[in-house]
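Encoded as structure tokens, the structure appears first; notes follow it.
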Amino acid sequence: MTRDDPLLAAARRRADSALALIRELAEIESPTGCGPGVKRVFDRLIPEFEARGFRVRRIPDRSRADAATDARDETSPGHLLALPPERPHGAPLQLVIGHVDTVWPVGTLETMPVRVEEGRLHGPGVFDMKGGVAQALVALDVLADAGVTPAALPLFFLNSDEETGSPDSKRHVRRLGRIVERALVAEPAFGEEGRLKTARKGILRFRVIAHGRSAHAGLDPEAGRSAIEALAHATLALHRLNDPAAGTTVNVGRVSGGTRANVVAARAEADVDARVVTEEAALKIESAIAGLTSAVEGVRLEILGGRVCPPFERTTRNQRLWERARDAAHALGFDIEEASVGGGSDGNTLSPLTATLDGLGAVGDGAHADHEHLVIDRVPERIALFAALLAAPLDDGLR
């Protein structure tokens, strides 16, 4: 195909409507945990789905329920599931997943307004990831304009807690991952060249707590058992777990402990972030950290936490889906590359369950930074690519 490809032509015609929707969504401030803001985003998106024939369900946030009565917290935005109007028995499904929460607190628009400058749309959430949500929606219109039918019925899941690791929505993500043939993740692309994300590191988080015994540091120091000393040794042991060649990183990012300079510390704690490329490395790190022991006699180490999300590996089925995307881009008239990144997404949760491809959203830069933006001229090609992937044949036997 050439640049006259019908999907790309339709995407160009639809680009302005996609950009208008992105602006509207970005002008609704929706940081994680801001129920009213996220609800307003969902309220804006529900008619968009319904206009395209989807049945929309709001899914309550179980983590915000009252433990005694199971009553739902009415301020909780929950999550949004958009289902195709009907599903013939046995018809295959494909999942489009995204999130509408951002890292930006309410009030950010006062200093970081949504605006166009030098061919870029700036603003909180335009890149991560309201741009991807809007582009995926408009990709459905592009398919309709071109008279192309998706290879599997698309369903959409939009959550409101991804920026904090999807603590409530992860159970829904897993459930959906088990029933779909593939998952397309509308997270932003990597770099302004627009690379797709075919691998992400798994994330593990721990808290190491040292329990010692206090004593007067001047009068009777020998009676004390310093939790800070033990934690210092543990910190060094943790950092020795770093393995750059294997892509494993371990970082002690926060340390606290003790009460006064003249008191032997009875308690100290550290927060630890670990990133791994493979499941094997994840198991190795889990075992090593769980097995930490105190280097100071009389001090006990307590280890809390564990895995946040598994590694998103380049499995056979994931690579086949990437090849579909690469071929689709070539047919549309442009080349695309893949990338491995250190940050996690809902794609990490989906990858062990179904063929998954990430980074299909907006092209731009500045996720979580005050220069967040998307490149306007790249919007049509990303919409067309999303549409082409929705229409791409399924890979039998690789579910």
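Just so we're on the same page: first chain in the structure tokens is A, next is B, and so on; residues restart at 1 for each chain, and ligands are numbered from 1 in the order they show up.
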What parts of segment 2-81 of chain A does DSSP call strand (DSSP E or B)? I'd like the answer as a ChimeraX atom specification.
/A:31,55-59,79-81
Hey, what's within 12 Å of segment 234-247 of chain A if we count only C-alpha atoms and toss same-chain stuff fewer than 6 positions away? As a short mmCIF file (atom, residue, chain, number, x, y, z; two decimals) with all heavy atoms, in the first residue's frame, please?
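In the end it all went to out-v3.cif:
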```cif
data_model
loop_
_atom_site.label_atom_id
_atom_site.label_comp_id
_atom_site.auth_asym_id
_atom_site.auth_seq_id
_atom_site.Cartn_x
_atom_site.Cartn_y
_atom_site.Cartn_z
N ALA A 199 8.80 -4.74 25.53
CA ALA A 199 9.30 -5.33 26.78
C ALA A 199 9.33 -4.24 27.85
O ALA A 199 9.67 -3.09 27.56
CB ALA A 199 10.69 -5.93 26.59
N ARG A 200 8.96 -4.62 29.04
CA ARG A 200 9.04 -3.73 30.20
C ARG A 200 9.60 -4.53 31.37
O ARG A 200 9.34 -5.73 31.49
CB ARG A 200 7.66 -3.20 30.60
CG ARG A 200 7.05 -2.15 29.68
CD ARG A 200 5.70 -1.74 30.23
NE ARG A 200 5.01 -0.71 29.48
CZ ARG A 200 5.11 0.60 29.72
NH1 ARG A 200 5.93 1.01 30.70
NH2 ARG A 200 4.43 1.47 29.03
N LYS A 201 10.33 -3.86 32.23
CA LYS A 201 10.84 -4.54 33.40
C LYS A 201 9.71 -4.82 34.40
O LYS A 201 8.78 -4.03 34.53
CB LYS A 201 11.92 -3.71 34.08
CG LYS A 201 13.22 -3.64 33.28
CD LYS A 201 14.31 -2.93 34.06
CE LYS A 201 15.62 -2.90 33.29
NZ LYS A 201 16.71 -2.26 34.06
N GLY A 202 9.85 -5.95 35.09
CA GLY A 202 8.98 -6.21 36.21
C GLY A 202 9.40 -5.36 37.39
O GLY A 202 10.57 -4.98 37.52
N PHE A 206 9.77 -3.31 48.22
CA PHE A 206 9.91 -3.89 49.55
C PHE A 206 10.10 -2.78 50.58
O PHE A 206 10.59 -1.69 50.27
CB PHE A 206 11.13 -4.82 49.62
CG PHE A 206 11.08 -5.98 48.67
CD1 PHE A 206 11.61 -5.87 47.39
CD2 PHE A 206 10.49 -7.17 49.04
CE1 PHE A 206 11.56 -6.93 46.50
CE2 PHE A 206 10.43 -8.24 48.17
CZ PHE A 206 10.97 -8.12 46.89
N ARG A 207 9.75 -3.09 51.82
CA ARG A 207 10.12 -2.28 52.96
C ARG A 207 10.90 -3.17 53.92
O ARG A 207 10.42 -4.23 54.33
CB ARG A 207 8.91 -1.68 53.66
CG ARG A 207 9.27 -0.86 54.90
CD ARG A 207 8.12 0.02 55.32
NE ARG A 207 7.92 1.08 54.32
CZ ARG A 207 6.89 1.93 54.34
NH1 ARG A 207 5.97 1.84 55.29
NH2 ARG A 207 6.78 2.86 53.41
N VAL A 208 12.11 -2.74 54.22
CA VAL A 208 12.96 -3.48 55.15
C VAL A 208 12.95 -2.72 56.47
O VAL A 208 13.34 -1.55 56.53
CB VAL A 208 14.40 -3.60 54.61
CG1 VAL A 208 15.28 -4.36 55.60
CG2 VAL A 208 14.40 -4.30 53.25
N ILE A 209 12.51 -3.38 57.53
CA ILE A 209 12.40 -2.76 58.85
C ILE A 209 13.37 -3.46 59.79
O ILE A 209 13.34 -4.69 59.94
CB ILE A 209 10.97 -2.84 59.40
CG1 ILE A 209 9.97 -2.25 58.41
CG2 ILE A 209 10.87 -2.13 60.75
CD1 ILE A 209 8.52 -2.47 58.79
N ALA A 210 14.24 -2.68 60.41
CA ALA A 210 15.18 -3.22 61.40
C ALA A 210 14.66 -2.93 62.80
O ALA A 210 14.35 -1.77 63.13
CB ALA A 210 16.56 -2.59 61.20
N ALA A 227 19.41 -0.33 65.23
CA ALA A 227 18.67 -0.68 64.02
C ALA A 227 19.25 0.04 62.80
O ALA A 227 19.25 -0.51 61.70
CB ALA A 227 17.20 -0.31 64.19
N ILE A 228 19.76 1.25 63.00
CA ILE A 228 20.34 2.00 61.88
C ILE A 228 21.60 1.32 61.38
O ILE A 228 21.83 1.21 60.17
CB ILE A 228 20.61 3.46 62.30
CG1 ILE A 228 19.29 4.21 62.42
CG2 ILE A 228 21.54 4.15 61.30
CD1 ILE A 228 19.42 5.65 62.86
N GLY A 253 15.58 3.71 48.14
CA GLY A 253 15.22 5.07 47.79
C GLY A 253 14.79 5.95 48.95
O GLY A 253 14.72 7.18 48.80
N ARG A 254 14.46 5.37 50.09
CA ARG A 254 14.07 6.15 51.26
C ARG A 254 14.51 5.42 52.51
O ARG A 254 14.29 4.20 52.63
CB ARG A 254 12.55 6.34 51.31
CG ARG A 254 12.07 7.30 52.41
CD ARG A 254 10.57 7.17 52.64
NE ARG A 254 10.23 5.88 53.21
CZ ARG A 254 10.24 5.62 54.52
NH1 ARG A 254 10.58 6.55 55.39
NH2 ARG A 254 9.92 4.41 54.97
N VAL A 255 15.14 6.12 53.41
CA VAL A 255 15.60 5.55 54.67
C VAL A 255 15.16 6.45 55.81
O VAL A 255 15.26 7.69 55.70
CB VAL A 255 17.13 5.39 54.69
CG1 VAL A 255 17.62 4.92 56.05
CG2 VAL A 255 17.58 4.43 53.60
N ALA A 268 14.53 1.27 62.40
CA ALA A 268 14.88 1.98 61.17
C ALA A 268 14.25 1.22 60.01
O ALA A 268 14.01 0.01 60.10
CB ALA A 268 16.40 2.06 60.99
N GLU A 269 13.95 1.93 58.94
CA GLU A 269 13.32 1.27 57.80
C GLU A 269 13.78 1.88 56.49
O GLU A 269 14.21 3.04 56.45
CB GLU A 269 11.80 1.32 57.91
CG GLU A 269 11.21 2.70 57.89
CD GLU A 269 9.68 2.67 58.02
OE1 GLU A 269 9.16 2.01 58.94
OE2 GLU A 269 9.03 3.31 57.18
N ALA A 270 13.67 1.10 55.44
CA ALA A 270 14.06 1.54 54.10
C ALA A 270 13.06 1.03 53.08
O ALA A 270 12.55 -0.09 53.21
CB ALA A 270 15.46 1.03 53.75
N ASP A 271 12.77 1.85 52.08
CA ASP A 271 11.93 1.43 50.96
C ASP A 271 12.82 1.10 49.77
O ASP A 271 13.74 1.86 49.43
CB ASP A 271 10.96 2.55 50.58
CG ASP A 271 9.86 2.72 51.63
OD1 ASP A 271 9.61 1.77 52.37
OD2 ASP A 271 9.27 3.81 51.69
N VAL A 272 12.53 -0.04 49.16
CA VAL A 272 13.40 -0.60 48.13
C VAL A 272 12.61 -0.80 46.84
O VAL A 272 11.49 -1.33 46.86
CB VAL A 272 13.99 -1.96 48.58
CG1 VAL A 272 14.98 -2.49 47.55
CG2 VAL A 272 14.64 -1.83 49.95
N ASP A 273 13.19 -0.38 45.72
CA ASP A 273 12.61 -0.59 44.40
C ASP A 273 13.55 -1.51 43.62
O ASP A 273 14.76 -1.25 43.54
CB ASP A 273 12.46 0.74 43.66
CG ASP A 273 11.93 0.57 42.24
OD1 ASP A 273 12.72 0.22 41.35
OD2 ASP A 273 10.73 0.81 42.03
N ALA A 274 13.00 -2.58 43.04
CA ALA A 274 13.78 -3.48 42.20
C ALA A 274 13.11 -3.63 40.85
O ALA A 274 11.88 -3.71 40.77
CB ALA A 274 13.94 -4.84 42.87
N ARG A 275 13.93 -3.66 39.79
CA ARG A 275 13.41 -3.83 38.43
C ARG A 275 14.16 -4.99 37.77
O ARG A 275 15.39 -5.07 37.86
CB ARG A 275 13.61 -2.56 37.61
CG ARG A 275 13.13 -1.28 38.29
CD ARG A 275 11.71 -0.94 37.95
NE ARG A 275 11.19 0.11 38.81
CZ ARG A 275 10.29 1.01 38.41
NH1 ARG A 275 9.82 0.99 37.18
NH2 ARG A 275 9.84 1.91 39.26
N VAL A 276 13.41 -5.86 37.10
CA VAL A 276 14.01 -7.05 36.50
C VAL A 276 13.45 -7.26 35.10
O VAL A 276 12.33 -6.87 34.79
CB VAL A 276 13.74 -8.30 37.36
CG1 VAL A 276 14.45 -8.20 38.70
CG2 VAL A 276 12.24 -8.50 37.57
N VAL A 277 14.25 -7.93 34.28
CA VAL A 277 13.87 -8.15 32.88
C VAL A 277 13.09 -9.45 32.70
O VAL A 277 12.21 -9.52 31.84
CB VAL A 277 15.13 -8.15 31.99
CG1 VAL A 277 14.80 -8.52 30.55
CG2 VAL A 277 15.80 -6.77 32.03
N THR A 278 13.41 -10.46 33.48
CA THR A 278 12.81 -11.79 33.29
C THR A 278 12.18 -12.30 34.57
O THR A 278 12.49 -11.85 35.67
CB THR A 278 13.88 -12.80 32.83
OG1 THR A 278 14.83 -12.98 33.89
CG2 THR A 278 14.59 -12.33 31.57
N GLU A 280 12.76 -15.22 35.77
CA GLU A 280 13.84 -15.87 36.51
C GLU A 280 14.55 -14.87 37.42
O GLU A 280 14.84 -15.17 38.59
CB GLU A 280 14.84 -16.48 35.53
CG GLU A 280 16.00 -17.19 36.20
CD GLU A 280 16.99 -17.75 35.19
OE1 GLU A 280 16.77 -17.57 33.97
OE2 GLU A 280 17.99 -18.35 35.62
N ALA A 281 14.81 -13.67 36.89
CA ALA A 281 15.47 -12.64 37.71
C ALA A 281 14.55 -12.17 38.84
O ALA A 281 15.02 -11.87 39.94
CB ALA A 281 15.88 -11.46 36.83
N ALA A 282 13.25 -12.11 38.58
CA ALA A 282 12.31 -11.71 39.63
C ALA A 282 12.35 -12.70 40.79
O ALA A 282 12.38 -12.30 41.97
CB ALA A 282 10.90 -11.62 39.06
N LYS A 284 14.79 -14.62 41.60
CA LYS A 284 16.10 -14.51 42.26
C LYS A 284 16.13 -13.34 43.23
O LYS A 284 16.61 -13.46 44.37
CB LYS A 284 17.18 -14.35 41.19
CG LYS A 284 18.59 -14.24 41.74
CD LYS A 284 19.60 -14.11 40.60
CE LYS A 284 21.02 -13.97 41.13
NZ LYS A 284 22.01 -13.82 40.01
N ILE A 285 15.58 -12.19 42.81
CA ILE A 285 15.56 -11.01 43.68
C ILE A 285 14.63 -11.24 44.87
O ILE A 285 14.96 -10.90 46.02
CB ILE A 285 15.15 -9.76 42.88
CG1 ILE A 285 16.27 -9.35 41.93
CG2 ILE A 285 14.77 -8.61 43.81
CD1 ILE A 285 17.54 -8.89 42.64
N GLU A 286 13.47 -11.81 44.62
CA GLU A 286 12.55 -12.10 45.71
C GLU A 286 13.22 -12.98 46.77
O GLU A 286 13.10 -12.73 47.98
CB GLU A 286 11.30 -12.79 45.17
CG GLU A 286 10.33 -11.88 44.45
CD GLU A 286 9.16 -12.63 43.85
OE1 GLU A 286 9.35 -13.77 43.38
OE2 GLU A 286 8.06 -12.08 43.85
N SER A 287 13.91 -14.00 46.32
CA SER A 287 14.57 -14.92 47.25
C SER A 287 15.68 -14.22 48.02
O SER A 287 15.80 -14.39 49.25
CB SER A 287 15.13 -16.11 46.47
OG SER A 287 15.87 -16.97 47.32
N ALA A 288 16.48 -13.40 47.32
CA ALA A 288 17.61 -12.73 47.97
C ALA A 288 17.14 -11.73 49.03
O ALA A 288 17.71 -11.66 50.12
CB ALA A 288 18.46 -12.03 46.92
N ILE A 289 16.10 -10.96 48.70
CA ILE A 289 15.64 -9.96 49.66
C ILE A 289 14.92 -10.61 50.83
O ILE A 289 15.08 -10.21 51.99
CB ILE A 289 14.77 -8.91 48.94
CG1 ILE A 289 15.65 -8.12 47.94
CG2 ILE A 289 14.12 -7.95 49.94
CD1 ILE A 289 14.92 -7.05 47.16
N ALA A 290 14.13 -11.64 50.53
CA ALA A 290 13.45 -12.35 51.63
C ALA A 290 14.45 -13.00 52.57
O ALA A 290 14.17 -13.18 53.77
CB ALA A 290 12.51 -13.41 51.06
N GLY A 291 15.63 -13.33 52.05
CA GLY A 291 16.63 -14.00 52.87
C GLY A 291 17.60 -13.07 53.58
O GLY A 291 18.57 -13.55 54.20
N LEU A 292 17.39 -11.76 53.50
CA LEU A 292 18.28 -10.83 54.20
C LEU A 292 18.28 -11.10 55.70
O LEU A 292 17.23 -11.32 56.31
CB LEU A 292 17.83 -9.39 53.97
CG LEU A 292 18.20 -8.71 52.64
CD1 LEU A 292 17.56 -7.33 52.58
CD2 LEU A 292 19.72 -8.59 52.49
N THR A 293 19.47 -11.09 56.29
CA THR A 293 19.58 -11.24 57.74
C THR A 293 20.40 -10.08 58.30
O THR A 293 21.17 -9.44 57.59
CB THR A 293 20.26 -12.57 58.11
OG1 THR A 293 21.55 -12.63 57.48
CG2 THR A 293 19.41 -13.75 57.64
N SER A 294 20.23 -9.84 59.55
CA SER A 294 20.91 -8.71 60.20
C SER A 294 22.39 -9.03 60.43
O SER A 294 22.74 -10.12 60.86
CB SER A 294 20.24 -8.38 61.53
OG SER A 294 20.99 -7.42 62.23
N ALA A 295 23.23 -8.03 60.12
CA ALA A 295 24.66 -8.15 60.40
C ALA A 295 24.99 -7.69 61.82
O ALA A 295 26.15 -7.75 62.23
CB ALA A 295 25.46 -7.33 59.39
N VAL A 296 23.99 -7.24 62.56
CA VAL A 296 24.20 -6.75 63.93
C VAL A 296 23.47 -7.68 64.89
O VAL A 296 22.25 -7.86 64.78
CB VAL A 296 23.68 -5.30 64.07
CG1 VAL A 296 23.83 -4.82 65.51
CG2 VAL A 296 24.42 -4.37 63.12
N VAL A 299 19.61 -7.49 66.47
CA VAL A 299 18.68 -6.73 65.61
C VAL A 299 18.00 -7.70 64.65
O VAL A 299 18.65 -8.55 64.04
CB VAL A 299 19.41 -5.64 64.82
CG1 VAL A 299 18.43 -4.92 63.88
CG2 VAL A 299 20.07 -4.64 65.76
N ARG A 300 16.70 -7.57 64.54
CA ARG A 300 15.91 -8.43 63.64
C ARG A 300 15.45 -7.63 62.43
O ARG A 300 15.00 -6.49 62.57
CB ARG A 300 14.69 -8.97 64.41
CG ARG A 300 13.72 -9.80 63.56
CD ARG A 300 12.59 -10.35 64.41
NE ARG A 300 11.79 -9.29 65.02
CZ ARG A 300 10.74 -8.72 64.43
NH1 ARG A 300 10.37 -9.08 63.19
NH2 ARG A 300 10.05 -7.78 65.07
N LEU A 301 15.55 -8.24 61.25
CA LEU A 301 15.05 -7.60 60.03
C LEU A 301 13.69 -8.17 59.68
O LEU A 301 13.49 -9.39 59.66
CB LEU A 301 16.01 -7.83 58.86
CG LEU A 301 17.40 -7.21 58.95
CD1 LEU A 301 18.16 -7.46 57.66
CD2 LEU A 301 17.32 -5.71 59.24
N GLU A 302 12.76 -7.28 59.37
CA GLU A 302 11.43 -7.65 58.90
C GLU A 302 11.31 -7.19 57.45
O GLU A 302 11.59 -6.03 57.13
CB GLU A 302 10.36 -6.98 59.76
CG GLU A 302 8.94 -7.27 59.33
CD GLU A 302 7.91 -6.51 60.14
OE1 GLU A 302 8.31 -5.64 60.95
OE2 GLU A 302 6.71 -6.77 59.95
N ILE A 303 10.89 -8.08 56.57
CA ILE A 303 10.78 -7.78 55.14
C ILE A 303 9.30 -7.79 54.75
O ILE A 303 8.61 -8.80 54.91
CB ILE A 303 11.53 -8.80 54.27
CG1 ILE A 303 12.94 -9.06 54.82
CG2 ILE A 303 11.57 -8.33 52.82
CD1 ILE A 303 13.86 -7.87 54.78
N PRO A 311 7.48 -9.16 34.89
CA PRO A 311 8.15 -8.63 33.69
C PRO A 311 7.27 -8.81 32.45
O PRO A 311 6.53 -9.79 32.33
CB PRO A 311 9.42 -9.49 33.58
CG PRO A 311 9.59 -10.12 34.92
CD PRO A 311 8.22 -10.29 35.48
N SER A 340 12.57 -1.60 24.62
CA SER A 340 12.41 -2.15 25.96
C SER A 340 12.56 -1.00 26.95
O SER A 340 13.49 -0.20 26.82
CB SER A 340 13.48 -3.22 26.23
OG SER A 340 13.43 -3.65 27.57
N VAL A 341 11.65 -0.90 27.93
CA VAL A 341 11.68 0.23 28.86
C VAL A 341 11.63 -0.27 30.29
O VAL A 341 11.24 -1.41 30.58
CB VAL A 341 10.50 1.20 28.59
CG1 VAL A 341 10.59 1.78 27.19
CG2 VAL A 341 9.16 0.51 28.79
N GLY A 342 12.03 0.60 31.21
CA GLY A 342 12.12 0.21 32.61
C GLY A 342 10.84 0.38 33.40
O GLY A 342 10.64 -0.29 34.41
#
```
Name the residues of segment 209-313 of chain A that come out as alpha helix (DSSP H) in a backbone DSSP run; write them as a count of residues only.
25
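Of the listed residues (A:Val185, A:Ala392, A:Ala152, A:Val379), A:Ala392 comes nearest to Arg324 of chain A; the distances count only C-alpha atoms.
Across the model, the gap from atom CA of Glu279 of chain A to atom CA of Asp161 of chain A is 24.4 Å.
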Report as CSV the residues of segment 132-211 of chain A within 8 Å of segment 10-28 of chain A, each with its shortest atom pair and distance in Å (one decimal), using only C-alpha atoms, ordered by chain and increasing residue number.
```
residue,atom,partner,partner_atom,distance
A:Ala134,CA,A:Ala18,CA,5.9
A:Gln135,CA,A:Ala18,CA,6.1
A:Val138,CA,A:Ala18,CA,6.3
A:Ala139,CA,A:Ala11,CA,7.4
A:Asp141,CA,A:Arg14,CA,8.0
A:Val142,CA,A:Ala10,CA,5.4
A:Asp145,CA,A:Ala10,CA,6.4
A:Ala146,CA,A:Ala10,CA,6.9
```
Neighbours of Ser214 of chain A within 9 Å (only C-alpha atoms; same-chain residues fewer than 2 positions away dropped), as a list in words?
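So, after excluding close chain neighbours, the residues are Gly212, His216, Ala217, Pro221, Ala223, Gly224, Arg225, Ser226, Ala227, Gly258, Val263, Val264, Ala265, Ala266 and Arg267 of chain A.
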Just-selected residues, N, CA and C atoms written as a PDB file, in the first residue's frame:
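Resulting contents of selection.pdb:
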```pdb
ATOM      1  N   GLY A 212      15.674  -3.025  66.627  1.00  0.00           N
ATOM      2  CA  GLY A 212      16.788  -3.138  67.557  1.00  0.00           C
ATOM      3  C   GLY A 212      16.362  -2.886  68.994  1.00  0.00           C
ATOM      4  N   HIS A 216      20.823   4.713  76.004  1.00  0.00           N
ATOM      5  CA  HIS A 216      21.468   6.026  76.009  1.00  0.00           C
ATOM      6  C   HIS A 216      22.823   5.899  75.305  1.00  0.00           C
ATOM      7  N   ALA A 217      23.026   6.722  74.271  1.00  0.00           N
ATOM      8  CA  ALA A 217      24.230   6.586  73.467  1.00  0.00           C
ATOM      9  C   ALA A 217      25.488   7.009  74.205  1.00  0.00           C
ATOM     10  N   PRO A 221      25.860   2.760  75.873  1.00  0.00           N
ATOM     11  CA  PRO A 221      25.669   2.389  74.464  1.00  0.00           C
ATOM     12  C   PRO A 221      25.691   0.879  74.241  1.00  0.00           C
ATOM     13  N   ALA A 223      24.365  -1.392  75.840  1.00  0.00           N
ATOM     14  CA  ALA A 223      23.063  -2.014  76.094  1.00  0.00           C
ATOM     15  C   ALA A 223      22.137  -1.914  74.885  1.00  0.00           C
ATOM     16  N   GLY A 224      22.475  -1.037  73.962  1.00  0.00           N
ATOM     17  CA  GLY A 224      21.630  -0.843  72.787  1.00  0.00           C
ATOM     18  C   GLY A 224      21.998  -1.761  71.638  1.00  0.00           C
ATOM     19  N   ARG A 225      21.074  -1.908  70.710  1.00  0.00           N
ATOM     20  CA  ARG A 225      21.305  -2.643  69.477  1.00  0.00           C
ATOM     21  C   ARG A 225      20.793  -1.761  68.342  1.00  0.00           C
ATOM     22  N   SER A 226      21.711  -1.212  67.578  1.00  0.00           N
ATOM     23  CA  SER A 226      21.359  -0.160  66.626  1.00  0.00           C
ATOM     24  C   SER A 226      20.656  -0.696  65.379  1.00  0.00           C
ATOM     25  N   ALA A 227      19.411  -0.327  65.226  1.00  0.00           N
ATOM     26  CA  ALA A 227      18.672  -0.679  64.017  1.00  0.00           C
ATOM     27  C   ALA A 227      19.252   0.037  62.803  1.00  0.00           C
ATOM     28  N   GLY A 258      15.458   5.968  63.992  1.00  0.00           N
ATOM     29  CA  GLY A 258      15.977   6.634  65.172  1.00  0.00           C
ATOM     30  C   GLY A 258      15.072   7.743  65.672  1.00  0.00           C
ATOM     31  N   VAL A 263      20.413   8.696  71.281  1.00  0.00           N
ATOM     32  CA  VAL A 263      19.693   7.461  71.560  1.00  0.00           C
ATOM     33  C   VAL A 263      20.062   6.424  70.501  1.00  0.00           C
ATOM     34  N   VAL A 264      20.504   5.241  70.938  1.00  0.00           N
ATOM     35  CA  VAL A 264      20.727   4.142  70.005  1.00  0.00           C
ATOM     36  C   VAL A 264      19.375   3.788  69.371  1.00  0.00           C
ATOM     37  N   ALA A 265      19.350   3.754  68.054  1.00  0.00           N
ATOM     38  CA  ALA A 265      18.079   3.603  67.330  1.00  0.00           C
ATOM     39  C   ALA A 265      17.481   2.220  67.528  1.00  0.00           C
ATOM     40  N   ALA A 266      16.231   2.197  67.962  1.00  0.00           N
ATOM     41  CA  ALA A 266      15.514   0.933  68.145  1.00  0.00           C
ATOM     42  C   ALA A 266      14.811   0.482  66.873  1.00  0.00           C
ATOM     43  N   ARG A 267      14.632   1.394  65.947  1.00  0.00           N
ATOM     44  CA  ARG A 267      13.905   1.050  64.715  1.00  0.00           C
ATOM     45  C   ARG A 267      14.439   1.895  63.562  1.00  0.00           C
TER      46      ARG A 267
END
```
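For the choices A:Leu374, A:Ala388, A:Leu95, A:Ala362, the atom-to-atom distance to Leu332 of chain A is smallest for A:Ala388 when using only C-alpha atoms.
Minimum distance to Gly361 of chain A across A:Arg205, A:Arg213, A:Arg55, A:Arg378 (counting only C-alpha atoms) occurs at A:Arg378.
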